[in-house]
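Asker: my_file_37.csv is reproduced in full below (CSV, C-alpha atoms and all ligand atoms).
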chain,number,residue,atom,x,y,z
U,1,MET,CA,94.5,124.3,118.4
U,2,SER,CA,91.1,123.1,119.8
U,3,THR,CA,90.5,119.4,119.9
U,4,GLU,CA,86.7,119.6,119.2
U,5,SER,CA,87.1,121.2,115.8
U,6,LEU,CA,88.3,119.8,112.5
U,7,ARG,CA,91.7,121.5,112.1
U,8,ILE,CA,92.9,122.2,108.5
U,9,VAL,CA,96.4,123.5,107.8
U,10,TRP,CA,97.4,125.1,104.5
U,11,ILE,CA,101.1,124.5,104.3
U,12,TYR,CA,103.4,127.5,103.3
U,13,PRO,CA,100.9,129.7,101.3
U,14,ASP,CA,103.9,132.1,100.9
U,15,LEU,CA,105.8,129.6,98.8
U,16,LEU,CA,103.2,127.2,97.3
U,17,SER,CA,100.0,128.7,96.0
U,18,THR,CA,99.5,128.7,92.3
U,19,TYR,CA,96.3,128.4,90.1
U,20,GLY,CA,93.9,129.0,93.0
U,21,ASP,CA,95.1,126.3,95.3
U,22,ARG,CA,93.9,128.4,98.2
U,23,GLY,CA,90.4,127.5,97.1
U,24,ASN,CA,91.0,124.0,98.4
U,25,LEU,CA,91.1,125.4,101.9
U,26,SER,CA,87.9,127.4,101.4
U,27,ILE,CA,86.0,124.5,99.9
U,28,LEU,CA,87.0,122.0,102.6
U,29,ALA,CA,86.1,124.5,105.4
U,30,HIS,CA,82.7,125.3,103.7
U,31,ARG,CA,81.8,121.6,103.1
U,32,ALA,CA,82.6,120.8,106.7
U,33,ALA,CA,80.7,123.7,108.1
U,34,ALA,CA,77.7,122.9,105.9
U,35,ARG,CA,77.5,119.5,107.6
U,36,GLY,CA,77.6,121.1,111.0
U,37,ILE,CA,81.3,120.1,111.6
U,38,PRO,CA,83.1,122.8,113.5
U,39,VAL,CA,86.2,123.7,111.6
U,40,GLU,CA,89.4,125.8,112.2
U,41,THR,CA,91.7,126.7,109.4
U,42,TYR,CA,95.4,127.7,109.8
U,43,GLU,CA,97.7,129.2,107.2
U,44,VAL,CA,101.2,128.2,108.3
U,45,ARG,CA,104.0,130.2,106.6
U,46,SER,CA,107.5,128.9,105.9
U,47,ASP,CA,108.9,130.9,108.8
U,48,GLN,CA,106.6,129.2,111.2
U,49,GLN,CA,106.7,125.9,113.0
U,50,MET,CA,104.4,123.2,111.5
U,51,PRO,CA,101.7,122.2,113.9
U,52,THR,CA,101.6,118.4,114.4
U,53,SER,CA,98.0,117.9,115.7
U,54,ALA,CA,95.8,119.1,112.7
U,55,ASP,CA,93.5,116.7,110.9
U,56,ILE,CA,94.0,117.7,107.3
U,57,TYR,CA,97.1,119.3,105.6
U,58,LEU,CA,96.9,121.0,102.2
U,59,ILE,CA,99.9,121.8,100.1
U,60,GLY,CA,99.8,123.5,96.8
U,61,GLY,CA,101.8,123.9,93.6
U,62,GLY,CA,104.6,126.3,92.8
U,63,GLU,CA,107.7,127.2,90.8
U,64,ASP,CA,110.9,125.2,91.2
U,65,GLY,CA,112.6,127.7,93.5
U,66,PRO,CA,109.9,127.9,96.2
U,67,GLN,CA,109.3,124.1,95.8
U,68,ALA,CA,112.9,123.3,96.7
U,69,LEU,CA,112.8,125.8,99.6
U,70,ALA,CA,109.5,124.3,100.9
U,71,ALA,CA,110.9,120.7,100.8
U,72,GLN,CA,114.1,121.8,102.7
U,73,ARG,CA,112.1,123.7,105.3
U,74,LEU,CA,109.6,120.8,105.9
U,75,LEU,CA,112.4,118.3,106.2
U,76,THR,CA,114.1,120.5,108.8
U,77,ASP,CA,110.9,121.1,110.7
U,78,GLY,CA,109.8,117.5,110.9
U,79,GLY,CA,106.3,118.5,112.1
U,80,LEU,CA,104.5,117.3,108.9
U,81,HIS,CA,106.2,113.8,109.2
U,82,ARG,CA,104.9,113.6,112.8
U,83,ALA,CA,101.4,114.6,111.7
U,84,VAL,CA,101.2,112.1,108.9
U,85,ASN,CA,102.6,109.3,111.2
U,86,GLN,CA,99.8,110.2,113.6
U,87,GLY,CA,97.2,109.6,110.8
U,88,ALA,CA,96.5,113.1,109.4
U,89,ALA,CA,95.0,113.3,105.9
U,90,VAL,CA,96.8,115.2,103.2
U,91,LEU,CA,96.0,116.7,99.8
U,92,ALA,CA,99.1,117.5,97.9
U,93,ILE,CA,99.0,119.4,94.6
U,94,CYS,CA,101.7,119.4,91.8
U,95,ALA,CA,104.9,120.8,93.4
U,96,GLY,CA,103.5,119.8,96.8
U,97,TYR,CA,102.8,116.3,95.4
U,98,GLN,CA,106.3,115.9,94.0
U,99,LEU,CA,107.9,117.0,97.2
U,100,PHE,CA,106.0,114.3,99.1
U,101,GLY,CA,108.1,111.7,97.3
U,102,HIS,CA,111.6,110.5,97.6
U,103,SER,CA,113.1,113.0,95.2
U,104,PHE,CA,112.2,115.6,92.5
U,105,PHE,CA,114.0,118.0,90.2
U,106,ALA,CA,114.0,121.8,90.6
U,107,LYS,CA,116.1,124.1,88.5
U,108,GLY,CA,118.0,121.2,87.1
U,109,ALA,CA,119.1,119.9,90.5
U,110,LYS,CA,117.9,116.7,92.2
U,111,CYS,CA,116.3,117.6,95.5
U,112,ALA,CA,115.4,115.4,98.5
U,113,GLY,CA,111.7,115.1,99.1
U,114,LEU,CA,109.9,114.1,102.3
U,115,GLY,CA,109.7,110.4,101.5
U,116,LEU,CA,106.0,110.3,102.7
U,117,LEU,CA,104.8,108.9,99.4
U,118,ASP,CA,106.6,106.1,97.5
U,119,ILE,CA,107.1,108.2,94.3
U,120,SER,CA,109.9,110.0,92.7
U,121,SER,CA,109.9,112.7,90.0
U,122,ASP,CA,112.2,113.6,87.2
U,123,ARG,CA,111.9,116.0,84.3
U,124,GLY,CA,109.9,115.5,81.1
U,125,VAL,CA,111.0,116.6,77.6
U,126,THR,CA,108.1,118.9,77.3
U,127,ARG,CA,106.0,120.8,79.9
U,128,ALA,CA,102.6,119.4,80.5
U,129,VAL,CA,100.1,122.2,80.3
U,130,GLY,CA,96.3,122.0,79.9
U,131,GLU,CA,93.2,120.1,80.9
U,132,LEU,CA,93.7,116.9,82.8
U,133,ARG,CA,91.0,114.2,83.2
U,134,GLY,CA,91.2,110.7,84.6
U,135,ASP,CA,89.2,107.7,86.0
U,136,ILE,CA,89.9,107.5,89.7
U,137,ASP,CA,91.0,104.3,91.4
U,138,PRO,CA,87.6,102.4,91.8
U,139,ARG,CA,88.6,101.6,95.4
U,140,LEU,CA,88.1,105.3,96.3
U,141,GLY,CA,84.6,105.3,94.8
U,142,LEU,CA,84.8,108.7,93.2
U,143,PRO,CA,83.6,110.2,89.9
U,144,PRO,CA,86.2,111.2,87.2
U,145,LEU,CA,89.0,113.6,88.1
U,146,THR,CA,89.1,116.9,86.3
U,147,GLY,CA,91.9,119.5,86.6
U,148,PHE,CA,94.3,121.9,85.0
U,149,GLU,CA,97.9,120.8,84.9
U,150,ASN,CA,101.1,122.8,84.4
U,151,HIS,CA,104.3,121.0,85.3
U,152,GLY,CA,107.7,120.0,83.9
U,153,GLY,CA,108.1,117.0,86.1
U,154,ARG,CA,107.1,113.4,85.5
U,155,THR,CA,106.3,111.1,88.4
U,156,HIS,CA,107.1,107.4,88.9
U,157,LEU,CA,105.3,105.4,91.5
U,158,GLY,CA,106.9,102.7,93.7
U,159,ALA,CA,105.0,99.7,95.0
U,160,GLN,CA,103.8,101.4,98.1
U,161,ALA,CA,101.8,104.1,96.2
U,162,ALA,CA,98.8,103.5,93.9
U,163,PRO,CA,97.9,105.8,91.0
U,164,LEU,CA,95.1,108.2,91.9
U,165,ALA,CA,93.6,107.9,88.4
U,166,ARG,CA,94.1,106.5,84.9
U,167,VAL,CA,94.6,109.4,82.5
U,168,THR,CA,91.9,109.9,79.9
U,169,ALA,CA,93.1,113.3,78.8
U,170,GLY,CA,96.3,115.2,79.5
U,171,VAL,CA,99.6,113.9,81.0
U,172,GLY,CA,99.5,113.6,84.8
U,173,ASN,CA,102.4,111.4,86.0
U,174,ASP,CA,103.5,110.1,82.6
U,175,GLY,CA,100.6,110.1,80.2
U,176,GLN,CA,99.2,106.9,81.7
U,177,THR,CA,98.5,107.5,85.3
U,178,GLU,CA,97.8,110.6,87.3
U,179,GLY,CA,98.6,111.3,91.0
U,180,ALA,CA,99.1,108.8,93.7
U,181,TRP,CA,97.6,107.8,97.0
U,182,ALA,CA,98.6,105.7,100.0
U,183,GLY,CA,96.8,105.6,103.4
U,184,LYS,CA,95.2,109.0,103.8
U,185,ILE,CA,97.7,110.9,101.5
U,186,LEU,CA,96.3,112.0,98.1
U,187,GLY,CA,98.6,113.6,95.6
U,188,THR,CA,97.6,115.0,92.2
U,189,TYR,CA,98.7,117.3,89.4
U,190,SER,CA,95.2,118.8,89.3
U,191,HIS,CA,95.0,122.5,89.9
U,192,GLY,CA,92.0,124.5,89.3
U,193,PRO,CA,91.6,124.4,92.3
U,194,ALA,CA,91.3,120.6,92.6
U,195,LEU,CA,88.5,120.6,95.2
U,196,ALA,CA,86.3,123.1,93.3
U,197,ARG,CA,86.4,120.8,90.3
U,198,ASN,CA,86.3,117.6,92.4
U,199,PRO,CA,84.1,118.2,95.5
U,200,ALA,CA,83.9,114.4,96.0
U,201,ILE,CA,87.6,114.5,96.9
U,202,ALA,CA,86.9,117.1,99.5
U,203,ASP,CA,84.2,114.9,101.0
U,204,LEU,CA,86.6,111.9,101.0
U,205,LEU,CA,89.1,113.9,103.0
U,206,LEU,CA,86.3,114.9,105.4
U,207,ARG,CA,85.2,111.3,105.8
U,208,TRP,CA,88.7,110.1,106.4
U,209,SER,CA,89.4,112.8,109.0
U,210,THR,CA,86.1,112.6,110.9
U,211,GLY,CA,85.6,108.8,110.6
U,212,ALA,CA,82.1,109.4,109.2
U,213,ASP,CA,80.8,106.7,106.7
U,214,ARG,CA,78.6,109.2,105.0
U,215,LEU,CA,78.1,112.9,104.8
U,216,ALA,CA,74.8,114.7,104.2
U,217,PRO,CA,74.5,115.6,100.5
U,218,LEU,CA,75.0,119.3,99.5
U,219,ASP,CA,73.6,121.2,96.6
U,220,ASP,CA,76.4,120.8,94.1
U,221,THR,CA,74.5,122.2,91.1
U,222,TRP,CA,77.3,124.8,90.3
U,223,ALA,CA,80.1,122.4,90.9
U,224,ASP,CA,78.4,119.8,88.7
U,225,ARG,CA,78.1,122.4,85.9
U,226,LEU,CA,81.7,123.3,86.2
U,227,ARG,CA,82.7,119.6,86.1
U,228,GLN,CA,80.6,118.9,83.1
U,229,GLU,CA,82.0,121.9,81.2
U,230,ARG,CA,85.7,121.0,82.1
U,231,LEU,CA,85.3,117.3,81.4
U,232,GLU,CA,83.9,118.1,78.0
U,233,ALA,CA,86.7,120.7,77.4
U,234,ALA,CA,89.2,118.0,78.1
U,235,SER,CA,87.6,115.7,75.6
U,236,ALA,CA,87.7,118.4,72.9
U,237,VAL,CA,91.5,119.0,73.4
C,301,LIG,N1,107.9,123.0,89.6
C,301,LIG,C1,107.2,121.8,89.4
C,301,LIG,C2,107.2,121.3,87.9
C,301,LIG,O1,107.3,122.1,87.0
C,301,LIG,C3,105.8,121.9,89.8
C,301,LIG,C4,105.0,122.9,89.0
C,301,LIG,C5,103.6,123.3,89.7
C,301,LIG,O2,103.4,123.1,90.8
C,301,LIG,N2,102.7,123.8,88.9
C,301,LIG,O3,107.2,120.1,87.7
Show how you would write the structure in this file as structure tokens.
Ligand code: GLN

Answerer:
Amino acid sequence: MSTESLRIVWIYPDLLSTYGDRGNLSILAHRAAARGIPVETYEVRSDQQMPTSADIYLIGGGEDGPQALAAQRLLTDGGLHRAVNQGAAVLAICAGYQLFGHSFFAKGAKCAGLGLLDISSDRGVTRAVGELRGDIDPRLGLPPLTGFENHGGRTHLGAQAAPLARVTAGVGNDGQTEGAWAGKILGTYSHGPALARNPAIADLLLRWSTGADRLAPLDDTWADRLRQERLEAASAV
């Protein structure tokens, strides 16, 4: 891995990659390159060792079986823990979000998570499926969150994690809050993919990992149209 470039790792695309989560990697790489930031992307499969020196780690959603396998493998590997402790930024989606916590349920069994976010997940009575919208924690200075959710789990936050957003449509963690963040780790139930619908989150990750206060604006006409349409669709549900 070169040290001059921004290094982005997509964790276990062979296990966790539902609802277009791969788009998050493309969008981050595109938005970095458009600002003249050299970028290298890596897709690290579950049979490979996790690099510890990347700047941003992305982990997607998935079914219960692959989710449990991914958590076991990451715990055994230990590389992601080292990367986070060294200050890497993370975007974790749905199954990937749940497994960042202390524990989650998969196929009826309680599974150990990575313990990198102070959250734990159990199972809801119904599956949460559909449009998701929320007002993001004002401390992050971002416009409303939009996404598509499809999960059976419900997530409870401990004192060391703040909700990413307050739900205005959909379920998220529990019908009240959605996602969580702590330090440079962001977790969300938003698929869609999340960064296509929320480019401001991509830019936050880029600012965190480059140390830049501001990034040059990009032409987000199409992303804005998509956001507008999806935010309205969520209101109509
Ligand atoms: N298997 C998890 C759940 O149903 C996560 C689902 C997902 O990532 N879409 O809660």

Asker: Using all atoms listed in the file, which residues sit within 10 Å of Leu132 (chain U) once same-chain residues fewer than 2 positions away are excluded, as a PyMOL selection string?

Answerer: chain U and resi 128-130+134+145-150+167-172+178+189-191+230-231+233-235+237

Asker: For a test of reading the model, state the distance in Å between CA of Pro163 (chain U) and CA of Leu215 (chain U), rounded to one decimal.

Answerer: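 Result for CA of Pro163 (chain U) versus CA of Leu215 (chain U): 25.2 Å, one decimal.
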
Asker: Enumerate as an MDAnalysis selection string the residues within 9 Å of ligand LIG 301 (chain C), counting all atoms listed in the file.

Answerer: chainID U and resid 16:19 60:68 93:98 104:107 121:124 127:128 149:154 189 191

Asker: Quick one, how far is CA of Arg133 (chain U) from CA of Pro193 (chain U)?

Answerer: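 Between these atoms lies a distance of 13.7 Å.
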
Asker: Have a look at U:Pro217, U:Gly192, U:Gly211, U:Pro199 and name the one nearest to Asp55 (chain U); count all atoms listed in the file.

Answerer: U:Gly211

Asker: Select, counting all atoms listed in the file, all protein, DNA and RNA residues no farther than 9 Å from (112.2, 114.2, 103.3) in file coordinates, and express the selection as a VMD selection string.

Answerer: chain U and resid 71 to 72 74 to 76 78 81 99 to 103 112 to 116

Asker: Identify, on the basis of only C-alpha atoms, every residue whose closest approach to Arg7 (chain U) does not exceed 10 Å; exclude the query and any residue fewer than 6 positions from it along the same chain; express the result as an NGL selection string.

Answerer: :U and (1 or 29 or 38-42 or 53-57 or 209)

Asker: Check the smallest atom-to-atom distance from each of U:Ala194, U:Leu204, U:Val90, U:Leu140 to Gly23 (chain U) using only C-alpha atoms, then report the winner.

Answerer: U:Ala194

Asker: Take CA of Ile8 (chain U) and CA of Ser46 (chain U) and report the distance between them in Å, one decimal.

Answerer: 16.3 Å

Asker: Neighbours of Trp208 (chain U) within 9 Å (all atoms listed in the file; same-chain residues fewer than 6 positions away dropped), as JSON, numbers by chain?

Answerer: {"U": [88, 89, 184]}

Asker: Using all atoms listed in the file, collect all residues at a distance of at most 10 Å from (98.7, 105.1, 98.7) as written in the file, then present them as a list in words.

Answerer: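 Collected hits near the coordinates: Leu116, Leu117, Asp118, Ile119, Leu157, Gly158, Ala159, Gln160, Ala161, Ala162, Pro163, Leu164, Gly179, Ala180, Trp181, Ala182, Gly183, Lys184, Ile185, Leu186 and Gly187 of chain U.
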
Asker: For the residues in that selection, give me C-alpha atoms as a PDB file, in the coordinates of the input.

Answerer:
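Result file is again-v4.pdb:
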ATOM      1  CA  LEU U 116     106.000 110.300 102.700  1.00  0.00           C
ATOM      2  CA  LEU U 117     104.800 108.900  99.400  1.00  0.00           C
ATOM      3  CA  ASP U 118     106.600 106.100  97.500  1.00  0.00           C
ATOM      4  CA  ILE U 119     107.100 108.200  94.300  1.00  0.00           C
ATOM      5  CA  LEU U 157     105.300 105.400  91.500  1.00  0.00           C
ATOM      6  CA  GLY U 158     106.900 102.700  93.700  1.00  0.00           C
ATOM      7  CA  ALA U 159     105.000  99.700  95.000  1.00  0.00           C
ATOM      8  CA  GLN U 160     103.800 101.400  98.100  1.00  0.00           C
ATOM      9  CA  ALA U 161     101.800 104.100  96.200  1.00  0.00           C
ATOM     10  CA  ALA U 162      98.800 103.500  93.900  1.00  0.00           C
ATOM     11  CA  PRO U 163      97.900 105.800  91.000  1.00  0.00           C
ATOM     12  CA  LEU U 164      95.100 108.200  91.900  1.00  0.00           C
ATOM     13  CA  GLY U 179      98.600 111.300  91.000  1.00  0.00           C
ATOM     14  CA  ALA U 180      99.100 108.800  93.700  1.00  0.00           C
ATOM     15  CA  TRP U 181      97.600 107.800  97.000  1.00  0.00           C
ATOM     16  CA  ALA U 182      98.600 105.700 100.000  1.00  0.00           C
ATOM     17  CA  GLY U 183      96.800 105.600 103.400  1.00  0.00           C
ATOM     18  CA  LYS U 184      95.200 109.000 103.800  1.00  0.00           C
ATOM     19  CA  ILE U 185      97.700 110.900 101.500  1.00  0.00           C
ATOM     20  CA  LEU U 186      96.300 112.000  98.100  1.00  0.00           C
ATOM     21  CA  GLY U 187      98.600 113.600  95.600  1.00  0.00           C
TER      22      GLY U 187
END

Asker: Would you mind telling me which residue in U:Lys110, U:Arg227, U:Arg166, U:His156 lies nearest to Asp137 (chain U) when using only C-alpha atoms?

Answerer: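 Result for the nearest residue to Asp137 (chain U): U:Arg166.
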
Asker: Compare U:Val9, U:Ala202, U:Leu15, U:Gly20 by their minimum atom-to-atom distance to Leu80 (chain U), counting all atoms listed in the file, and give me the closest one.

Answerer: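 Checking each of U:Val9, U:Ala202, U:Leu15, U:Gly20 against Leu80 (chain U), counting all atoms listed in the file, the winner is U:Val9.
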
Asker: Can you tell me, as number ranges by chain, what residues are no more than 8 Å from Thr210 (chain U) when counting all atoms listed in the file, ignoring any on the same chain fewer than 3 positions away?

Answerer: U: 6, 206-207

Asker: Pick out the closest residue to Val125 (chain U) from this set: U:His30, U:Asp224, U:Asp174, U:Ala83. Count only C-alpha atoms.

Answerer: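 Closest residue, counting only C-alpha atoms: U:Asp174.
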
Asker: Of the residues U:Ala33, U:Leu226, U:Cys111, U:Ala212, which is the one nearest to Leu69 (chain U), using all atoms listed in the file?

Answerer: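 Distance minimum relative to Leu69 (chain U) lands on U:Cys111.
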